[in-house]
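Colleague: File name entry.pdb; file contents PDB, C-alpha atoms and all ligand atoms; full text below.
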```pdb
ATOM      1  CA  MET A   1      49.928  -4.695   1.450
ATOM      2  CA  SER A   2      48.377  -1.237   1.813
ATOM      3  CA  ILE A   3      49.860   1.429   4.061
ATOM      4  CA  PRO A   4      47.592   2.823   6.818
ATOM      5  CA  ILE A   5      47.785   6.587   6.418
ATOM      6  CA  VAL A   6      46.306   9.558   8.243
ATOM      7  CA  LEU A   7      46.459  12.698   6.097
ATOM      8  CA  ASP A   8      46.759  15.857   8.211
ATOM      9  CA  CYS A   9      46.161  18.821   5.954
ATOM     10  CA  ASP A  10      45.098  22.448   5.449
ATOM     11  CA  PRO A  11      43.357  22.434   2.026
ATOM     12  CA  GLY A  12      44.773  24.341   0.171
ATOM     13  CA  HIS A  13      45.152  23.562  -3.516
ATOM     14  CA  ASP A  14      48.062  21.169  -3.204
ATOM     15  CA  ASP A  15      46.531  19.513  -0.142
ATOM     16  CA  ALA A  16      43.427  18.802  -2.213
ATOM     17  CA  ILE A  17      45.523  17.138  -4.902
ATOM     18  CA  ALA A  18      47.377  15.105  -2.271
ATOM     19  CA  LEU A  19      43.990  13.942  -0.947
ATOM     20  CA  LEU A  20      42.894  12.900  -4.441
ATOM     21  CA  LEU A  21      46.142  10.952  -4.859
ATOM     22  CA  ALA A  22      45.573   9.169  -1.543
ATOM     23  CA  LEU A  23      42.012   8.260  -2.520
ATOM     24  CA  ALA A  24      43.102   6.939  -5.910
ATOM     25  CA  SER A  25      46.052   4.880  -4.723
ATOM     26  CA  PRO A  26      45.582   1.201  -3.870
ATOM     27  CA  GLU A  27      48.779   1.360  -1.825
ATOM     28  CA  VAL A  28      46.946   3.599   0.656
ATOM     29  CA  GLU A  29      44.485   2.610   3.344
ATOM     30  CA  LEU A  30      43.256   6.108   4.221
ATOM     31  CA  LEU A  31      42.325   5.859   7.907
ATOM     32  CA  GLY A  32      41.035   9.408   7.824
ATOM     33  CA  VAL A  33      41.704  13.058   7.230
ATOM     34  CA  THR A  34      42.515  15.541   9.970
ATOM     35  CA  THR A  35      42.418  19.251   9.324
ATOM     36  CA  VAL A  36      44.444  22.097  10.739
ATOM     37  CA  HIS A  37      44.744  25.884  10.487
ATOM     38  CA  GLY A  38      47.148  27.024   7.797
ATOM     39  CA  ASN A  39      46.302  28.020   4.278
ATOM     40  CA  GLN A  40      43.018  29.240   5.675
ATOM     41  CA  THR A  41      41.123  29.070   8.959
ATOM     42  CA  LEU A  42      40.317  25.656  10.377
ATOM     43  CA  GLU A  43      36.667  26.132   9.460
ATOM     44  CA  LYS A  44      37.579  26.690   5.808
ATOM     45  CA  THR A  45      40.227  23.969   5.561
ATOM     46  CA  THR A  46      37.755  21.502   7.057
ATOM     47  CA  GLU A  47      34.981  22.535   4.650
ATOM     48  CA  ASN A  48      37.431  22.243   1.753
ATOM     49  CA  ALA A  49      38.455  18.715   2.740
ATOM     50  CA  LEU A  50      34.782  17.719   2.945
ATOM     51  CA  ARG A  51      34.031  19.285  -0.442
ATOM     52  CA  VAL A  52      36.888  17.458  -2.182
ATOM     53  CA  LEU A  53      35.823  14.127  -0.681
ATOM     54  CA  GLU A  54      32.236  14.746  -1.809
ATOM     55  CA  LEU A  55      33.413  15.687  -5.311
ATOM     56  CA  VAL A  56      34.739  12.162  -5.793
ATOM     57  CA  GLY A  57      31.981  10.401  -3.896
ATOM     58  CA  ARG A  58      34.106   9.593  -0.855
ATOM     59  CA  SER A  59      32.193  11.221   1.966
ATOM     60  CA  ASP A  60      32.677   7.898   3.741
ATOM     61  CA  VAL A  61      36.200   9.027   4.625
ATOM     62  CA  PRO A  62      36.047  10.626   8.080
ATOM     63  CA  VAL A  63      37.294  14.191   8.547
ATOM     64  CA  ALA A  64      38.301  15.286  12.053
ATOM     65  CA  PRO A  65      39.050  18.978  12.685
ATOM     66  CA  GLY A  66      42.109  19.750  14.775
ATOM     67  CA  ALA A  67      43.863  22.905  15.924
ATOM     68  CA  ASP A  68      42.487  26.268  14.891
ATOM     69  CA  ARG A  69      45.717  28.075  15.796
ATOM     70  CA  PRO A  70      49.412  27.388  16.383
ATOM     71  CA  LEU A  71      50.746  26.242  19.778
ATOM     72  CA  LEU A  72      52.111  29.673  20.664
ATOM     73  CA  ARG A  73      52.171  31.915  17.607
ATOM     74  CA  ASP A  74      49.370  34.062  16.230
ATOM     75  CA  LEU A  75      47.223  32.522  13.502
ATOM     76  CA  ARG A  76      48.318  33.588  10.018
ATOM     77  CA  VAL A  77      46.604  32.218   6.898
ATOM     78  CA  ALA A  78      47.871  32.165   3.309
ATOM     79  CA  ALA A  79      44.960  33.791   1.493
ATOM     80  CA  HIS A  80      47.530  35.474  -0.757
ATOM     81  CA  VAL A  81      48.294  32.042  -2.172
ATOM     82  CA  HIS A  82      45.082  30.021  -1.857
ATOM     83  CA  GLY A  83      42.419  32.743  -1.851
ATOM     84  CA  GLU A  84      39.666  33.654   0.601
ATOM     85  CA  SER A  85      38.086  30.202   0.507
ATOM     86  CA  GLY A  86      41.435  28.440   0.675
ATOM     87  CA  LEU A  87      40.498  26.635  -2.532
ATOM     88  CA  ASP A  88      39.739  29.505  -4.919
ATOM     89  CA  GLY A  89      39.383  28.765  -8.621
ATOM     90  CA  PRO A  90      37.136  25.837  -9.518
ATOM     91  CA  GLU A  91      33.459  25.757  -8.633
ATOM     92  CA  LEU A  92      33.100  23.281  -5.774
ATOM     93  CA  PRO A  93      29.673  22.616  -4.280
ATOM     94  CA  ALA A  94      29.275  23.075  -0.536
ATOM     95  CA  ALA A  95      29.680  19.872   1.425
ATOM     96  CA  THR A  96      26.517  18.134   2.577
ATOM     97  CA  ALA A  97      28.412  15.818   4.938
ATOM     98  CA  GLY A  98      30.032  17.200   8.083
ATOM     99  CA  PRO A  99      33.162  16.328  10.030
ATOM    100  CA  VAL A 100      33.155  13.653  12.718
ATOM    101  CA  ASP A 101      32.318  14.817  16.209
ATOM    102  CA  GLU A 102      35.770  14.020  17.521
ATOM    103  CA  PRO A 103      38.848  16.245  17.702
ATOM    104  CA  ALA A 104      41.733  15.288  15.464
ATOM    105  CA  ILE A 105      44.101  13.960  18.117
ATOM    106  CA  ASP A 106      41.410  11.706  19.643
ATOM    107  CA  PHE A 107      40.436  10.601  16.138
ATOM    108  CA  ILE A 108      44.020   9.599  15.332
ATOM    109  CA  ALA A 109      44.381   7.843  18.695
ATOM    110  CA  GLY A 110      41.261   5.818  18.015
ATOM    111  CA  ARG A 111      42.332   4.662  14.578
ATOM    112  CA  ILE A 112      46.113   4.437  14.555
ATOM    113  CA  ARG A 113      47.573   0.959  14.420
ATOM    114  CA  ALA A 114      50.935  -0.667  13.875
ATOM    115  CA  GLY A 115      52.499   0.587  10.659
ATOM    116  CA  THR A 116      50.568   3.833  10.439
ATOM    117  CA  VAL A 117      52.229   6.630   8.503
ATOM    118  CA  LEU A 118      51.217  10.168   9.410
ATOM    119  CA  VAL A 119      51.395  12.337   6.291
ATOM    120  CA  ALA A 120      51.373  15.944   7.478
ATOM    121  CA  VAL A 121      51.066  18.631   4.837
ATOM    122  CA  GLY A 122      50.097  21.690   6.850
ATOM    123  CA  PRO A 123      51.440  23.357   9.977
ATOM    124  CA  LEU A 124      52.390  20.613  12.436
ATOM    125  CA  THR A 125      50.188  21.690  15.339
ATOM    126  CA  ASN A 126      47.930  18.611  15.284
ATOM    127  CA  ILE A 127      50.885  16.239  15.083
ATOM    128  CA  ALA A 128      52.678  17.939  17.979
ATOM    129  CA  LEU A 129      49.521  17.845  20.115
ATOM    130  CA  TYR A 130      48.945  14.206  19.208
ATOM    131  CA  LEU A 131      52.512  13.282  20.199
ATOM    132  CA  GLU A 132      52.152  15.162  23.487
ATOM    133  CA  ALA A 133      48.903  13.361  24.354
ATOM    134  CA  HIS A 134      49.526   9.874  22.973
ATOM    135  CA  GLY A 135      53.231   9.397  22.296
ATOM    136  CA  THR A 136      54.710   7.651  19.296
ATOM    137  CA  GLU A 137      53.350   4.113  19.637
ATOM    138  CA  ASN A 138      52.257   2.647  16.287
ATOM    139  CA  ILE A 139      53.698   5.564  14.304
ATOM    140  CA  GLU A 140      55.752   3.933  11.561
ATOM    141  CA  ARG A 141      56.927   7.250  10.116
ATOM    142  CA  ILE A 142      55.917  10.891   9.795
ATOM    143  CA  VAL A 143      56.201  12.163   6.226
ATOM    144  CA  LEU A 144      55.845  15.923   6.263
ATOM    145  CA  MET A 145      55.757  18.598   3.627
ATOM    146  CA  GLY A 146      57.626  21.500   5.073
ATOM    147  CA  GLY A 147      60.869  23.345   5.428
ATOM    148  CA  ALA A 148      63.735  23.671   3.012
ATOM    149  CA  ILE A 149      67.495  23.232   2.881
ATOM    150  CA  ALA A 150      68.083  26.467   1.043
ATOM    151  CA  GLU A 151      64.783  28.247   0.437
ATOM    152  CA  GLY A 152      61.961  30.105   2.065
ATOM    153  CA  ASN A 153      58.512  31.055   0.777
ATOM    154  CA  MET A 154      56.824  32.707   3.765
ATOM    155  CA  THR A 155      60.009  34.617   4.578
ATOM    156  CA  PRO A 156      63.461  34.514   2.983
ATOM    157  CA  ALA A 157      64.366  32.042   5.739
ATOM    158  CA  ALA A 158      61.342  29.831   6.198
ATOM    159  CA  GLU A 159      58.727  27.707   4.469
ATOM    160  CA  PHE A 160      55.089  28.368   5.445
ATOM    161  CA  ASN A 161      54.160  25.129   7.268
ATOM    162  CA  ILE A 162      57.165  25.330   9.566
ATOM    163  CA  TRP A 163      57.020  29.131   9.900
ATOM    164  CA  ALA A 164      53.344  28.962  10.935
ATOM    165  CA  ASP A 165      54.090  26.786  13.974
ATOM    166  CA  PRO A 166      57.833  26.394  14.582
ATOM    167  CA  GLU A 167      57.384  25.069  18.122
ATOM    168  CA  ALA A 168      55.195  22.270  16.791
ATOM    169  CA  ALA A 169      57.783  21.462  14.134
ATOM    170  CA  GLN A 170      60.536  21.367  16.766
ATOM    171  CA  ARG A 171      58.593  18.718  18.701
ATOM    172  CA  VAL A 172      57.937  16.638  15.586
ATOM    173  CA  PHE A 173      61.561  16.633  14.430
ATOM    174  CA  HIS A 174      62.592  15.455  17.912
ATOM    175  CA  CYS A 175      59.834  12.880  18.490
ATOM    176  CA  GLY A 176      62.176   9.911  18.069
ATOM    177  CA  ARG A 177      60.277   8.248  15.223
ATOM    178  CA  PRO A 178      61.429   8.295  11.585
ATOM    179  CA  VAL A 179      60.653  11.644   9.975
ATOM    180  CA  THR A 180      60.848  12.435   6.274
ATOM    181  CA  MET A 181      61.039  16.098   5.323
ATOM    182  CA  ILE A 182      59.792  16.948   1.846
ATOM    183  CA  GLY A 183      60.854  20.550   1.479
ATOM    184  CA  LEU A 184      60.833  23.287  -1.101
ATOM    185  CA  ASP A 185      64.181  22.196  -2.547
ATOM    186  CA  VAL A 186      62.373  19.125  -3.849
ATOM    187  CA  THR A 187      58.882  20.450  -4.566
ATOM    188  CA  HIS A 188      60.162  23.445  -6.510
ATOM    189  CA  LYS A 189      61.898  21.070  -8.914
ATOM    190  CA  ALA A 190      58.576  19.614 -10.111
ATOM    191  CA  LEU A 191      56.157  22.164 -11.544
ATOM    192  CA  LEU A 192      52.775  21.219 -12.945
ATOM    193  CA  THR A 193      53.134  23.260 -16.120
ATOM    194  CA  HIS A 194      50.563  24.218 -18.747
ATOM    195  CA  GLU A 195      51.465  21.107 -20.774
ATOM    196  CA  TRP A 196      50.898  18.809 -17.817
ATOM    197  CA  ALA A 197      47.669  20.644 -16.944
ATOM    198  CA  GLU A 198      46.311  19.939 -20.422
ATOM    199  CA  ARG A 199      47.111  16.247 -19.951
ATOM    200  CA  PHE A 200      45.195  16.286 -16.650
ATOM    201  CA  ARG A 201      42.267  18.098 -18.289
ATOM    202  CA  ALA A 202      42.115  15.458 -21.003
ATOM    203  CA  THR A 203      41.587  12.678 -18.454
ATOM    204  CA  GLY A 204      38.085  13.812 -17.479
ATOM    205  CA  ARG A 205      36.145  15.476 -14.676
ATOM    206  CA  ILE A 206      38.616  15.134 -11.810
ATOM    207  CA  GLY A 207      41.615  15.815 -14.017
ATOM    208  CA  THR A 208      39.867  18.992 -15.125
ATOM    209  CA  PHE A 209      39.308  19.892 -11.463
ATOM    210  CA  VAL A 210      43.034  19.453 -10.814
ATOM    211  CA  ALA A 211      43.865  21.620 -13.836
ATOM    212  CA  GLU A 212      41.468  24.309 -12.590
ATOM    213  CA  LEU A 213      43.045  24.204  -9.141
ATOM    214  CA  VAL A 214      46.436  24.739 -10.748
ATOM    215  CA  ASP A 215      45.093  27.532 -12.974
ATOM    216  CA  PHE A 216      44.501  29.482  -9.748
ATOM    217  CA  PHE A 217      47.452  28.163  -7.705
ATOM    218  CA  LYS A 218      49.997  29.039 -10.417
ATOM    219  CA  ARG A 219      49.063  32.746 -10.304
ATOM    220  CA  TYR A 220      51.011  33.198  -7.042
ATOM    221  CA  HIS A 221      53.978  31.325  -8.507
ATOM    222  CA  ALA A 222      53.958  33.295 -11.749
ATOM    223  CA  HIS A 223      53.886  36.540  -9.785
ATOM    224  CA  THR A 224      56.529  35.490  -7.250
ATOM    225  CA  TYR A 225      58.904  33.348  -9.309
ATOM    226  CA  GLY A 226      57.952  34.030 -12.917
ATOM    227  CA  TRP A 227      57.120  30.340 -13.356
ATOM    228  CA  ASP A 228      54.652  28.813 -15.806
ATOM    229  CA  GLY A 229      53.269  26.218 -13.474
ATOM    230  CA  ALA A 230      52.914  25.359  -9.802
ATOM    231  CA  PRO A 231      54.658  22.996  -7.410
ATOM    232  CA  ILE A 232      52.206  20.460  -5.989
ATOM    233  CA  HIS A 233      54.057  20.367  -2.671
ATOM    234  CA  ASP A 234      51.714  18.182  -0.642
ATOM    235  CA  ALA A 235      51.107  15.594  -3.333
ATOM    236  CA  VAL A 236      54.874  15.046  -3.482
ATOM    237  CA  ALA A 237      54.864  14.132   0.216
ATOM    238  CA  LEU A 238      51.989  11.694  -0.241
ATOM    239  CA  ALA A 239      53.562  10.237  -3.382
ATOM    240  CA  HIS A 240      56.835   9.682  -1.522
ATOM    241  CA  ALA A 241      54.982   7.834   1.227
ATOM    242  CA  ILE A 242      53.680   5.341  -1.323
ATOM    243  CA  ARG A 243      56.631   5.317  -3.745
ATOM    244  CA  PRO A 244      59.821   6.356  -1.921
ATOM    245  CA  SER A 245      61.916   6.030  -5.082
ATOM    246  CA  LEU A 246      60.424   9.269  -6.433
ATOM    247  CA  VAL A 247      62.387  11.450  -4.008
ATOM    248  CA  ARG A 248      66.036  10.984  -3.048
ATOM    249  CA  THR A 249      66.649  11.710   0.615
ATOM    250  CA  GLU A 250      69.693  12.129   2.865
ATOM    251  CA  HIS A 251      69.657  11.235   6.575
ATOM    252  CA  ARG A 252      70.624  14.483   8.274
ATOM    253  CA  ASN A 253      70.141  16.621  11.351
ATOM    254  CA  VAL A 254      67.382  19.210  11.146
ATOM    255  CA  GLU A 255      66.870  21.873  13.799
ATOM    256  CA  ILE A 256      64.126  24.478  13.853
ATOM    257  CA  GLU A 257      64.793  28.134  14.591
ATOM    258  CA  VAL A 258      62.310  29.290  17.230
ATOM    259  CA  GLU A 259      64.204  32.186  18.884
ATOM    260  CA  SER A 260      65.025  34.542  16.040
ATOM    261  CA  GLU A 261      62.249  36.625  14.479
ATOM    262  CA  LEU A 262      64.319  37.150  11.327
ATOM    263  CA  CYS A 263      64.789  33.403  10.832
ATOM    264  CA  ARG A 264      61.672  32.125  12.605
ATOM    265  CA  GLY A 265      60.770  28.650  11.340
ATOM    266  CA  ARG A 266      64.016  28.066   9.475
ATOM    267  CA  THR A 267      64.795  24.371   9.043
ATOM    268  CA  VAL A 268      68.541  24.297   9.659
ATOM    269  CA  VAL A 269      69.535  21.191   7.691
ATOM    270  CA  ASP A 270      73.098  19.981   8.365
ATOM    271  CA  LEU A 271      73.384  18.720   4.775
ATOM    272  CA  TRP A 272      77.223  18.582   4.789
ATOM    273  CA  ARG A 273      77.479  17.297   8.376
ATOM    274  CA  ARG A 274      79.290  20.325   9.710
ATOM    275  CA  THR A 275      78.162  19.593  13.266
ATOM    276  CA  GLU A 276      78.041  16.661  15.645
ATOM    277  CA  ARG A 277      74.265  16.971  15.871
ATOM    278  CA  PRO A 278      72.736  13.505  15.328
ATOM    279  CA  PRO A 279      70.654  12.972  12.192
ATOM    280  CA  ASN A 280      66.909  13.050  12.955
ATOM    281  CA  ALA A 281      65.265  13.162   9.538
ATOM    282  CA  ASP A 282      65.401  11.894   5.979
ATOM    283  CA  VAL A 283      65.568  15.121   4.008
ATOM    284  CA  GLY A 284      64.441  15.280   0.386
ATOM    285  CA  VAL A 285      67.195  16.497  -1.941
ATOM    286  CA  ASP A 286      65.987  15.544  -5.430
ATOM    287  CA  ILE A 287      62.880  14.343  -7.276
ATOM    288  CA  ASP A 288      62.054  12.452 -10.455
ATOM    289  CA  GLY A 289      59.497  15.043 -11.538
ATOM    290  CA  ASP A 290      58.258  13.253 -14.649
ATOM    291  CA  ALA A 291      57.746   9.997 -12.753
ATOM    292  CA  PHE A 292      55.872  11.898 -10.058
ATOM    293  CA  PHE A 293      53.494  13.565 -12.507
ATOM    294  CA  GLU A 294      52.967  10.343 -14.476
ATOM    295  CA  LEU A 295      51.918   8.657 -11.211
ATOM    296  CA  LEU A 296      49.657  11.569 -10.255
ATOM    297  CA  LEU A 297      48.101  11.672 -13.740
ATOM    298  CA  GLU A 298      47.455   7.929 -13.797
ATOM    299  CA  ARG A 299      45.827   7.989 -10.354
ATOM    300  CA  VAL A 300      43.724  11.133 -10.902
ATOM    301  CA  ALA A 301      42.504   9.699 -14.210
ATOM    302  CA  SER A 302      41.154   6.701 -12.300
ATOM    303  CA  LEU A 303      38.845   8.818 -10.120
TER     304      LEU A 303
HETATM  305  O1  LIG B   1      54.874  25.979   1.690
HETATM  306  C1  LIG B   1      53.993  25.084   1.054
HETATM  307  C2  LIG B   1      53.067  24.459   2.049
HETATM  308  O2  LIG B   1      52.305  25.477   2.689
HETATM  309  C3  LIG B   1      52.029  23.520   1.403
HETATM  310  O3  LIG B   1      51.662  22.530   2.318
HETATM  311  C4  LIG B   1      50.868  24.437   1.134
HETATM  312  O4  LIG B   1      49.623  23.734   1.092
HETATM  313  C5  LIG B   1      50.929  25.313   2.352
HETATM  314  O5  LIG B   1      50.270  24.632   3.416
HETATM  315 CA    CA B   2      49.286  22.251   2.871
END
```
Before anything else, please render the file you have as structure tokens.
Ligand code: RIB
Ligand code: CA
Modeller:
Amino acid sequence: MSIPIVLDCDPGHDDAIALLLALASPEVELLGVTTVHGNQTLEKTTENALRVLELVGRSDVPVAPGADRPLLRDLRVAAHVHGESGLDGPELPAATAGPVDEPAIDFIAGRIRAGTVLVAVGPLTNIALYLEAHGTENIERIVLMGGAIAEGNMTPAAEFNIWADPEAAQRVFHCGRPVTMIGLDVTHKALLTHEWAERFRATGRIGTFVAELVDFFKRYHAHTYGWDGAPIHDAVALAHAIRPSLVRTEHRNVEIEVESELCRGRTVVDLWRRTERPPNADVGVDIDGDAFFELLLERVASL
């Protein structure tokens, strides 16, 4: 029984790999892709999604552009991580297919059905706007890549997706439907290292594309953390949606800091239940990194 999934993303190197995993996984019925501002402008994230779909001959998958800026905050892209195109590194031909002529939230409303899982791997603006316009009917779960229990990558306090639109994140974490938070504490435990990249390269054309994406993506991580390899954040979220055993989660309260500038976008996770705040999310705390990469390798090799 396949899982109906909408992938909301801001490609972005790891978004692109998450999209490839979705396309290659029989457990997934990909209802469509919605794009959002984030790693780059909406125009570039949309073009990147179209290019990746075309690369694997899947231009049949509809792409619906969403929000080009956060609900309240100024737009801020992550060119320092993903480059000017948002997908710097490998040569990727321009898309010949275009997006659908329907905004993301209308697109989701028209295709969502009972059991749909929204996998959100960029800033949560589209998801917040969708919830505001259409409510939570038919949303089985929201699996999001974002936040952290104890880390920050955009600031010492906050992870980029949540930092970019904290008001949107606040709405999502309080929407009343099951939310899974795949944060940096988990994704930073699984790095696609040089050894893994060579295994991907050996699988063929798409595996080589993944390795070339990581060749670029790991530069930021080598410079920032001294790592040999890159966390494939968004693919972890998608992988968890199809194989929950990969990531161990704890049901905890998560609040989003929206007042403080110093801690803007902090996901305050009550891991040790120090408060009476009711749990509202399943928070990732650990990952079976080898099992994750074996799954990703097997699926990418099939494309
Ligand atoms: O902080 C990592 C997240 O921000 C990932 O989703 C990456 O693609 C960027 O959007
Ligand atoms: Ca992303």
Colleague: If the PyMOL selection byres (((not hetatm)) within 6 of (chain B and resi 1)) were run on this exact file, what residues would it hold? Put them as a PyMOL selection string.
Modeller: chain A and resi 10+12+14-15+38-39+121-122+145+159-161+233-234
Colleague: What do you get as a PyMOL selection string if you pick all residues at most 12 Å from ligand CA 2 (chain B), counting all atoms listed in the file?
Modeller: chain A and resi 7-19+34-40+45+48-49+77-78+81-82+86-87+119-124+144-147+159-162+164+182-183+231-238
Colleague: Which one of A:Asn280, A:Thr275, A:Thr224, A:Ser2 sits closest to Val179 (chain A) if you count all atoms listed in the file?
Modeller: A:Asn280
Colleague: So how many Å separate CA of Leu191 (chain A) and CA of His251 (chain A), to one decimal?
Modeller: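 Between these atoms lies a distance of 25.1 Å.
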Colleague: Counting all atoms listed in the file, note down every residue that has an atom within 10 Å of the point (65.0, 26.4, 0.7) (file coordinates), as a PyMOL selection string.
Modeller: chain A and resi 146-153+156-159+183-186+188+266-269
Colleague: List the residues matched by the PyMOL selection byres (((chain A and resi 228) around 7) and not hetatm) in the displayed structure as a PyMOL selection string, ordered by chain and then by residue number.
Modeller: chain A and resi 193-194+222+226-227+229
Colleague: Neighbours of Cys175 (chain A) within 12 Å (only C-alpha atoms; same-chain residues fewer than 5 positions away dropped), as number ranges by chain?
Modeller: A: 127-132, 134-137, 139, 141-142, 168-170, 280-281
Colleague: Nearest to His80 (chain A) among A:Arg177, A:Arg243, A:Lys218, A:Arg171, with distances taken over all atoms listed in the file: which residue is it?
Modeller: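 Nearest candidate to His80 (chain A) out of A:Arg177, A:Arg243, A:Lys218, A:Arg171: A:Lys218.
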Colleague: Generate N, CA and C atoms for region 166-189 of chain A and emit them as a PDB file, keeping the file's coordinate frame.
Modeller:
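Written file, rebuild_16.pdb:
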```pdb
ATOM      1  N   PRO A 166      56.480  26.946  14.417  1.00  0.00           N
ATOM      2  CA  PRO A 166      57.833  26.394  14.582  1.00  0.00           C
ATOM      3  C   PRO A 166      58.004  25.541  15.836  1.00  0.00           C
ATOM      4  N   GLU A 167      57.289  25.868  16.890  1.00  0.00           N
ATOM      5  CA  GLU A 167      57.384  25.069  18.122  1.00  0.00           C
ATOM      6  C   GLU A 167      56.824  23.662  17.888  1.00  0.00           C
ATOM      7  N   ALA A 168      55.760  23.593  17.119  1.00  0.00           N
ATOM      8  CA  ALA A 168      55.195  22.270  16.791  1.00  0.00           C
ATOM      9  C   ALA A 168      56.188  21.474  15.964  1.00  0.00           C
ATOM     10  N   ALA A 169      56.812  22.148  14.997  1.00  0.00           N
ATOM     11  CA  ALA A 169      57.783  21.462  14.134  1.00  0.00           C
ATOM     12  C   ALA A 169      58.963  20.951  14.960  1.00  0.00           C
ATOM     13  N   GLN A 170      59.408  21.771  15.910  1.00  0.00           N
ATOM     14  CA  GLN A 170      60.536  21.367  16.766  1.00  0.00           C
ATOM     15  C   GLN A 170      60.212  20.064  17.489  1.00  0.00           C
ATOM     16  N   ARG A 171      58.983  19.946  17.997  1.00  0.00           N
ATOM     17  CA  ARG A 171      58.593  18.718  18.701  1.00  0.00           C
ATOM     18  C   ARG A 171      58.560  17.521  17.744  1.00  0.00           C
ATOM     19  N   VAL A 172      58.062  17.749  16.539  1.00  0.00           N
ATOM     20  CA  VAL A 172      57.937  16.638  15.586  1.00  0.00           C
ATOM     21  C   VAL A 172      59.314  16.136  15.170  1.00  0.00           C
ATOM     22  N   PHE A 173      60.225  17.047  14.871  1.00  0.00           N
ATOM     23  CA  PHE A 173      61.561  16.633  14.430  1.00  0.00           C
ATOM     24  C   PHE A 173      62.359  15.953  15.545  1.00  0.00           C
ATOM     25  N   HIS A 174      61.893  16.107  16.792  1.00  0.00           N
ATOM     26  CA  HIS A 174      62.592  15.455  17.912  1.00  0.00           C
ATOM     27  C   HIS A 174      61.737  14.396  18.588  1.00  0.00           C
ATOM     28  N   CYS A 175      60.766  13.839  17.849  1.00  0.00           N
ATOM     29  CA  CYS A 175      59.834  12.880  18.490  1.00  0.00           C
ATOM     30  C   CYS A 175      60.448  11.485  18.640  1.00  0.00           C
ATOM     31  N   GLY A 176      61.526  11.215  17.914  1.00  0.00           N
ATOM     32  CA  GLY A 176      62.176   9.911  18.069  1.00  0.00           C
ATOM     33  C   GLY A 176      61.712   8.872  17.068  1.00  0.00           C
ATOM     34  N   ARG A 177      60.688   9.170  16.271  1.00  0.00           N
ATOM     35  CA  ARG A 177      60.277   8.248  15.223  1.00  0.00           C
ATOM     36  C   ARG A 177      60.828   8.740  13.886  1.00  0.00           C
ATOM     37  N   PRO A 178      60.896   7.851  12.882  1.00  0.00           N
ATOM     38  CA  PRO A 178      61.429   8.295  11.585  1.00  0.00           C
ATOM     39  C   PRO A 178      60.594   9.434  10.987  1.00  0.00           C
ATOM     40  N   VAL A 179      61.296  10.469  10.576  1.00  0.00           N
ATOM     41  CA  VAL A 179      60.653  11.644   9.975  1.00  0.00           C
ATOM     42  C   VAL A 179      61.247  11.851   8.583  1.00  0.00           C
ATOM     43  N   THR A 180      60.393  12.046   7.612  1.00  0.00           N
ATOM     44  CA  THR A 180      60.848  12.435   6.274  1.00  0.00           C
ATOM     45  C   THR A 180      60.399  13.863   6.014  1.00  0.00           C
ATOM     46  N   MET A 181      61.331  14.687   5.609  1.00  0.00           N
ATOM     47  CA  MET A 181      61.039  16.098   5.323  1.00  0.00           C
ATOM     48  C   MET A 181      61.060  16.313   3.813  1.00  0.00           C
ATOM     49  N   ILE A 182      59.899  16.601   3.269  1.00  0.00           N
ATOM     50  CA  ILE A 182      59.792  16.948   1.846  1.00  0.00           C
ATOM     51  C   ILE A 182      59.691  18.474   1.786  1.00  0.00           C
ATOM     52  N   GLY A 183      60.788  19.092   1.421  1.00  0.00           N
ATOM     53  CA  GLY A 183      60.854  20.550   1.479  1.00  0.00           C
ATOM     54  C   GLY A 183      60.798  21.208   0.114  1.00  0.00           C
ATOM     55  N   LEU A 184      60.961  22.520   0.139  1.00  0.00           N
ATOM     56  CA  LEU A 184      60.833  23.287  -1.101  1.00  0.00           C
ATOM     57  C   LEU A 184      61.925  22.958  -2.111  1.00  0.00           C
ATOM     58  N   ASP A 185      63.083  22.523  -1.626  1.00  0.00           N
ATOM     59  CA  ASP A 185      64.181  22.196  -2.547  1.00  0.00           C
ATOM     60  C   ASP A 185      63.749  21.108  -3.523  1.00  0.00           C
ATOM     61  N   VAL A 186      62.872  20.217  -3.010  1.00  0.00           N
ATOM     62  CA  VAL A 186      62.373  19.125  -3.849  1.00  0.00           C
ATOM     63  C   VAL A 186      61.131  19.572  -4.624  1.00  0.00           C
ATOM     64  N   THR A 187      60.176  20.158  -3.907  1.00  0.00           N
ATOM     65  CA  THR A 187      58.882  20.450  -4.566  1.00  0.00           C
ATOM     66  C   THR A 187      59.021  21.521  -5.646  1.00  0.00           C
ATOM     67  N   HIS A 188      59.968  22.408  -5.483  1.00  0.00           N
ATOM     68  CA  HIS A 188      60.162  23.445  -6.510  1.00  0.00           C
ATOM     69  C   HIS A 188      60.843  22.917  -7.770  1.00  0.00           C
ATOM     70  N   LYS A 189      61.281  21.662  -7.713  1.00  0.00           N
ATOM     71  CA  LYS A 189      61.898  21.070  -8.914  1.00  0.00           C
ATOM     72  C   LYS A 189      60.869  20.364  -9.799  1.00  0.00           C
TER      73      LYS A 189
END
```
